[in-house]
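Q: Before we start, here is the structure in question, set down as structure tokens.
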Amino acid sequence: MTVQLKGKPEVVTIQWIPKYTFMERLGHWLHTATFIPLAITGMILYFPFLEPLAQGEAGLFVRLVHRVAAVIFGLLPIIYYIVEPRRLLLHIREFLPRKEDIGWLKAAPAYYLLGKHEAMPPQGRFNAGEKLNGLMMIITWFIFGITGVPMWFGKGVIPPEIFRWLVVFHDLAMIVSVCMLMVHLYLAVAHPLMWAGLVSMRFGVTSAEYAAEHHAKWYYGPKRAMEIWEAKKREGAHH
Amino acid sequence: MNGEKTERRMSRREFLGLSALGLGISLIGARPVAAARAASPDEVAILYDPVKCVGCKACQMACKRWNRLPAESTDPLGIYESPRDLSAITWNIIKLRRTQTGWHFFNYQCMHCTDAACVEVCPTGALAHDPLGFVALNRDRCNGCGYCTQFCPYGVPHLRVENALTGAAKSAKCTFCQDRLWEGIGGPACAEVCPVGALAWGRRGELLEKAWARVAELHARGMDVRIYGETEAGGLHRLSILLDEPEQYGLPSAPKTPAFARAWQRIIQPLGNVAFGAALLGILGAFLFVRRKIRMEEVK
Ligand code: HEM
Ligand code: SF4
Ligand code: SF4
């Protein structure tokens, strides 16, 4: 597909290539649609300054929304696994940390703040930052479930000594995941270099040029991507 | 996007504004760290004397009557305790405890802690200290989250559950007969009804003097007794004379949950706020910085 953007000094031609399947995008947006209400309703119980919203009937409603959203939030990955078992395992494999992620993390500040791309090692379909985000979402999904379900049904069943720690870990998972979400939102919505991310997650496609630059190992294949990168590095050393 | 924008630096005002914003975010959620409160002698309290108690359960009945609590059917299994424990509809019971000198009664109810874990964790303010020192419960404010039931070191509050699935519930516990005090009707029904004066209520300072005098008297009679509640959890508003170590009564000698609840809320919550503040600040800073460093038309 070719799209022409007019109104600029020259015509920009973008070659679109597929990046995410329909199920991947549906899963991503359903996760978003349940995570955000969960975070908001949870924070109403968590922040003392939101106390008026937590009181009485309103508070009862807040807790009910948290539970309805939690059921969908909890079941989503399980349904996804039933529908597309290989995809889910692929994601987990894609998210696992690798050696070159350290190089990416080191080079990332210069890239994201100054746009300096030279030191960024080639990345797969997910870059190290996205992998970190994905991994944290998987880990916190487990923590939310392991702590949240007993917080729901366990009062009077499990010892209070354990219950107290469940609330603490539920809160810690919330703090970590909400911080991740804030950074994720900024990069997805407002960062100029990440413009293609939101397009991909909405329509499933990305620009070939963007993919070659940001996801070389996925675009060219790992071997070719490394060759190109090595060549570029040698070229850079000559200058 | 902002291709025409010439290079601009973050102004002093922007920088100061950002810093203030970050600080504000970190502070907004933090609970005010109150200095450890001490129970004042002018506050009210209940004193329980197990040596006087005859186990007639008039207190238990008076509590049910005044608070309109329904009867509870239990299987006492040949034991004197009935029901066996506090519940959402039983706020005051006579328990039987084995001490070094044999079996004794013990009246069990809310201890009305000064350093109350339940007040600390309640997200709605439904549980709060009355100016007279006892821990009052505002049922309209309660949202049924049940944290109080899990953090109280004495296992006092219980949820009256309407629906376990939706979580609809209300907390219930001894309120020191808050309505009787507020309406000027009198003191707690249990203490007023006790026929032998085993339960008495009054100013905490006076009751403590009375308790120490009674302990001296019992010591003189060769009994090994002690006071429970003078300092525990910041000072309880339910004082007890015990015939053995607190543990024999199932009472913690040093209730730790108030400290735990405080650590959770006053350390972890502000830490979380600092994390949120830092994240937000970093993002805003990056946003302003990147806006002038990276030109959209050069982006592939
Ligand atoms: C499997 C998913 C989840 C389950 C089963 C769950 C369950 C619960 C339950 C039962 C409570 C206690 C309140 C009540 O009894 O109504 C609670 C509180 C809370 N939840 Fe969740 N939750 C889940 C996911 C999440 C997520 C994704 C977030 C935030 C991003 C979150 C944030 C919170 C917070 C902040 C609280 C308040 C804790 C406090 O009072 O400090 N939860 N959750
Ligand atoms: S005994 Fe429990 S319910 Fe009563 S004031 Fe202390 S912490 Fe609260
Ligand atoms: S159940 Fe009610 S009283 Fe108890 S902590 Fe929750 S809101 Fe407060």
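Chain identifiers are assigned as A, B, and so on, following the order in which chains appear in the structure tokens; residues are numbered from 1 within each chain, and ligands are numbered from 1 in order of appearance.
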Leaving out segment 74-86 of chain A and any residue of its chain fewer than 2 positions from it, which residues lie within 12 Å of it when counting only C-alpha atoms, given as an MDAnalysis selection string?
A: chainID A and resid 21:35 38 66:72 88:94 137:138 140:149
Q: Set the cut-off to 8 Å and count only C-alpha atoms: what are the residues of chain A that reach chain B? Output as a short mmCIF file (atom, residue, chain, number, x, y, z; two decimals) with N, CA and C atoms, in the first residue's frame.
A:
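In the end it all went to iface-v4.cif:
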data_model
loop_
_atom_site.label_atom_id
_atom_site.label_comp_id
_atom_site.auth_asym_id
_atom_site.auth_seq_id
_atom_site.Cartn_x
_atom_site.Cartn_y
_atom_site.Cartn_z
N LEU A 45 -8.95 3.66 46.08
CA LEU A 45 -8.77 3.06 47.42
C LEU A 45 -7.39 3.38 47.99
N TYR A 46 -6.44 3.63 47.09
CA TYR A 46 -5.04 3.75 47.49
C TYR A 46 -4.68 5.17 47.95
N PHE A 47 -5.16 6.18 47.23
CA PHE A 47 -4.77 7.55 47.55
C PHE A 47 -5.68 8.15 48.62
N PRO A 48 -5.12 8.57 49.74
CA PRO A 48 -5.95 9.17 50.78
C PRO A 48 -6.71 10.40 50.29
N PHE A 49 -6.13 11.15 49.33
CA PHE A 49 -6.83 12.36 48.92
C PHE A 49 -8.04 12.07 48.02
N GLU A 51 -10.23 9.92 49.01
CA GLU A 51 -11.13 9.30 49.99
C GLU A 51 -12.62 9.56 49.71
N PRO A 52 -13.02 10.80 49.34
CA PRO A 52 -14.46 11.03 49.12
C PRO A 52 -15.06 10.11 48.06
N ALA A 54 -14.19 7.09 47.60
CA ALA A 54 -14.17 5.70 48.07
C ALA A 54 -15.28 5.42 49.06
N GLN A 55 -16.02 6.46 49.45
CA GLN A 55 -16.96 6.29 50.55
C GLN A 55 -18.32 5.73 50.12
N GLY A 56 -18.90 4.94 50.99
CA GLY A 56 -20.30 4.51 50.87
C GLY A 56 -20.64 3.87 49.54
N GLU A 57 -21.79 4.29 48.98
CA GLU A 57 -22.30 3.69 47.75
C GLU A 57 -21.31 3.88 46.60
N ALA A 58 -20.71 5.09 46.52
CA ALA A 58 -19.75 5.36 45.46
C ALA A 58 -18.59 4.38 45.57
N GLY A 59 -18.12 4.16 46.79
CA GLY A 59 -17.01 3.24 47.02
C GLY A 59 -17.38 1.81 46.64
N LEU A 60 -18.62 1.46 46.93
CA LEU A 60 -19.10 0.13 46.58
C LEU A 60 -19.05 -0.05 45.07
N ARG A 63 -15.50 -0.44 43.81
CA ARG A 63 -15.00 -1.80 44.03
C ARG A 63 -15.63 -2.78 43.05
N LEU A 64 -16.89 -2.52 42.69
CA LEU A 64 -17.56 -3.41 41.73
C LEU A 64 -16.90 -3.29 40.35
N ARG A 67 -13.75 -5.16 40.18
CA ARG A 67 -13.92 -6.60 40.08
C ARG A 67 -14.33 -7.03 38.67
N TYR A 112 16.57 8.70 22.21
CA TYR A 112 15.23 9.25 22.49
C TYR A 112 15.26 10.74 22.77
N LEU A 113 16.38 11.24 23.32
CA LEU A 113 16.43 12.66 23.64
C LEU A 113 17.00 13.49 22.50
N LEU A 114 18.02 12.94 21.80
CA LEU A 114 18.71 13.74 20.78
C LEU A 114 18.53 13.21 19.36
N GLY A 115 17.92 12.03 19.25
CA GLY A 115 17.71 11.48 17.92
C GLY A 115 18.95 10.84 17.32
N TRP A 152 -9.98 -10.88 47.08
CA TRP A 152 -11.41 -10.89 46.76
C TRP A 152 -12.14 -11.93 47.62
N PHE A 153 -11.64 -13.18 47.57
CA PHE A 153 -12.38 -14.28 48.19
C PHE A 153 -11.78 -14.76 49.51
N LYS A 155 -10.89 -13.16 52.43
CA LYS A 155 -11.10 -12.57 53.75
C LYS A 155 -11.79 -13.57 54.67
N PRO A 160 -4.88 -13.47 58.30
CA PRO A 160 -4.71 -12.03 58.09
C PRO A 160 -3.24 -11.64 57.86
N GLU A 161 -2.31 -12.37 58.49
CA GLU A 161 -0.88 -12.06 58.32
C GLU A 161 -0.51 -12.10 56.84
N PHE A 163 -2.81 -11.94 54.26
CA PHE A 163 -3.64 -10.94 53.57
C PHE A 163 -2.94 -9.58 53.53
N ARG A 164 -2.36 -9.18 54.68
CA ARG A 164 -1.72 -7.86 54.75
C ARG A 164 -0.61 -7.72 53.71
N VAL A 168 0.05 -5.25 50.15
CA VAL A 168 1.30 -4.53 49.89
C VAL A 168 1.82 -4.88 48.49
N LEU A 172 2.46 -2.61 45.19
CA LEU A 172 3.76 -2.48 44.52
C LEU A 172 3.61 -2.77 43.03
N ILE A 175 2.20 0.27 41.44
CA ILE A 175 3.16 1.37 41.29
C ILE A 175 4.05 1.11 40.07
N VAL A 178 1.93 1.12 36.68
CA VAL A 178 1.42 2.44 36.28
C VAL A 178 2.57 3.34 35.82
N CYS A 179 3.74 3.24 36.46
CA CYS A 179 4.90 4.00 35.99
C CYS A 179 5.26 3.57 34.56
N MET A 182 2.85 5.07 32.12
CA MET A 182 3.01 6.50 31.84
C MET A 182 4.08 6.71 30.78
N VAL A 183 5.22 6.00 30.93
CA VAL A 183 6.30 6.13 29.94
C VAL A 183 5.82 5.59 28.59
N TYR A 186 3.55 8.06 26.83
CA TYR A 186 4.29 9.18 26.26
C TYR A 186 4.95 8.78 24.95
N ALA A 190 3.25 10.76 22.12
CA ALA A 190 3.82 12.10 21.98
C ALA A 190 5.25 12.15 21.47
N HIS A 191 5.95 11.01 21.41
CA HIS A 191 7.35 11.09 21.00
C HIS A 191 7.46 11.07 19.48
N PRO A 192 8.14 12.08 18.88
CA PRO A 192 8.16 12.18 17.41
C PRO A 192 8.79 10.98 16.72
N LEU A 193 9.82 10.37 17.33
CA LEU A 193 10.51 9.26 16.66
C LEU A 193 9.67 7.99 16.66
N GLU A 209 10.49 1.70 5.96
CA GLU A 209 11.68 2.46 6.31
C GLU A 209 11.85 2.50 7.84
N TYR A 210 10.71 2.71 8.54
CA TYR A 210 10.71 2.73 10.00
C TYR A 210 11.16 1.37 10.54
#
Q: Using only C-alpha atoms and all ligand atoms, find each protein or nucleic acid residue lying at most 6 Å from ligand 2; present the set as a VMD selection string.
A: chain B and resid 110 to 113 116 to 118 135 152 to 154 156 to 157
Q: I want to know what sits within 10 Å of Ala212 of chain A, based on only C-alpha atoms, with residues of the same chain fewer than 4 positions away left out; could you give that as number ranges by chain?
A: A: 122-123, 207-208, 216-220, 225; B: 300
Q: Between B:Ala128, B:Pro252, B:Arg98, B:Gly235, which has the minimum distance to ligand 3 (counting only C-alpha atoms and all ligand atoms)?
A: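 Checking each of B:Ala128, B:Pro252, B:Arg98, B:Gly235 against ligand 3, counting only C-alpha atoms and all ligand atoms, the winner is B:Ala128.
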Q: Where does DSSP see helix (DSSP H, G or I) in segment 43-189 of chain B, if you list the residues as number ranges by chain?
A: B: 58-66, 117-121, 147-151, 178-183, 189
Q: What does the distance between atom CA of Arg97 of chain B and atom CA of Tyr249 of chain B come to in Å, to one decimal place?
A: 6.1 Å
Q: Counting only C-alpha atoms and all ligand atoms, figure out which residue out of A:Leu53, A:Ile228, A:Ile17, A:Ala211 gets nearest to ligand 3.
A: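 Closest to ligand 3 of all the choices is A:Leu53.
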Q: What gap, in Å, lies between atom 11 (C, counted along the ligand's line) of ligand 1 and atom CA of His170 of chain A?
A: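 The value is 8.2 Å.
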Q: Find the spatial neighbours of segment 210-212 of chain B, counting only C-alpha atoms, within a cut-off of 10 Å - ignore same-chain residues fewer than 5 positions away - and output them as a PyMOL selection string.
A: chain B and resi 47-49+204-205+217-218+226-228+230+239-241
Q: Print the selection's residues with C-alpha atoms to a file, as a compact mmCIF listing (two decimals), in the first residue's frame.
A:
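Final file, out-v1.txt:
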# COMPACT_ATOMS: atom_id res chain seq x y z
CA LEU B 47 -12.23 -1.21 82.56
CA TYR B 48 -12.75 -4.97 82.85
CA ASP B 49 -12.00 -6.84 86.07
CA ARG B 204 -9.48 6.94 81.25
CA GLY B 205 -7.23 8.63 83.82
CA GLU B 217 -5.30 -4.94 96.40
CA LEU B 218 -5.17 -8.21 94.48
CA ARG B 226 -1.33 -7.08 85.67
CA ILE B 227 -2.95 -4.31 83.67
CA TYR B 228 -3.40 -4.69 79.93
CA GLU B 230 -2.17 1.12 79.50
CA LEU B 239 -8.41 -1.56 79.95
CA SER B 240 -8.22 -5.05 81.43
CA ILE B 241 -6.85 -6.67 84.53
Q: So, with only C-alpha atoms and all ligand atoms as the atoms that count, which of A:Ile162, A:Ile44, A:Lys116, A:Pro18 lies closest to ligand 3?
A: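 Ranking A:Ile162, A:Ile44, A:Lys116, A:Pro18 by distance to ligand 3, first place goes to A:Ile44.
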Q: Give me, as a count of residues only, all polymer residues having an atom no more than 12 Å from Lys99 of chain A, counting only C-alpha atoms and skipping those fewer than 4 positions away in the same chain.
A: 7
Q: Just checking: using only C-alpha atoms, which residue out of A:Trp16, A:Leu198, A:Gly124, A:Arg87 ends up closest to Glu100 of chain A?
A: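 Among A:Trp16, A:Leu198, A:Gly124, A:Arg87, it is A:Gly124 that comes nearest to Glu100 of chain A.
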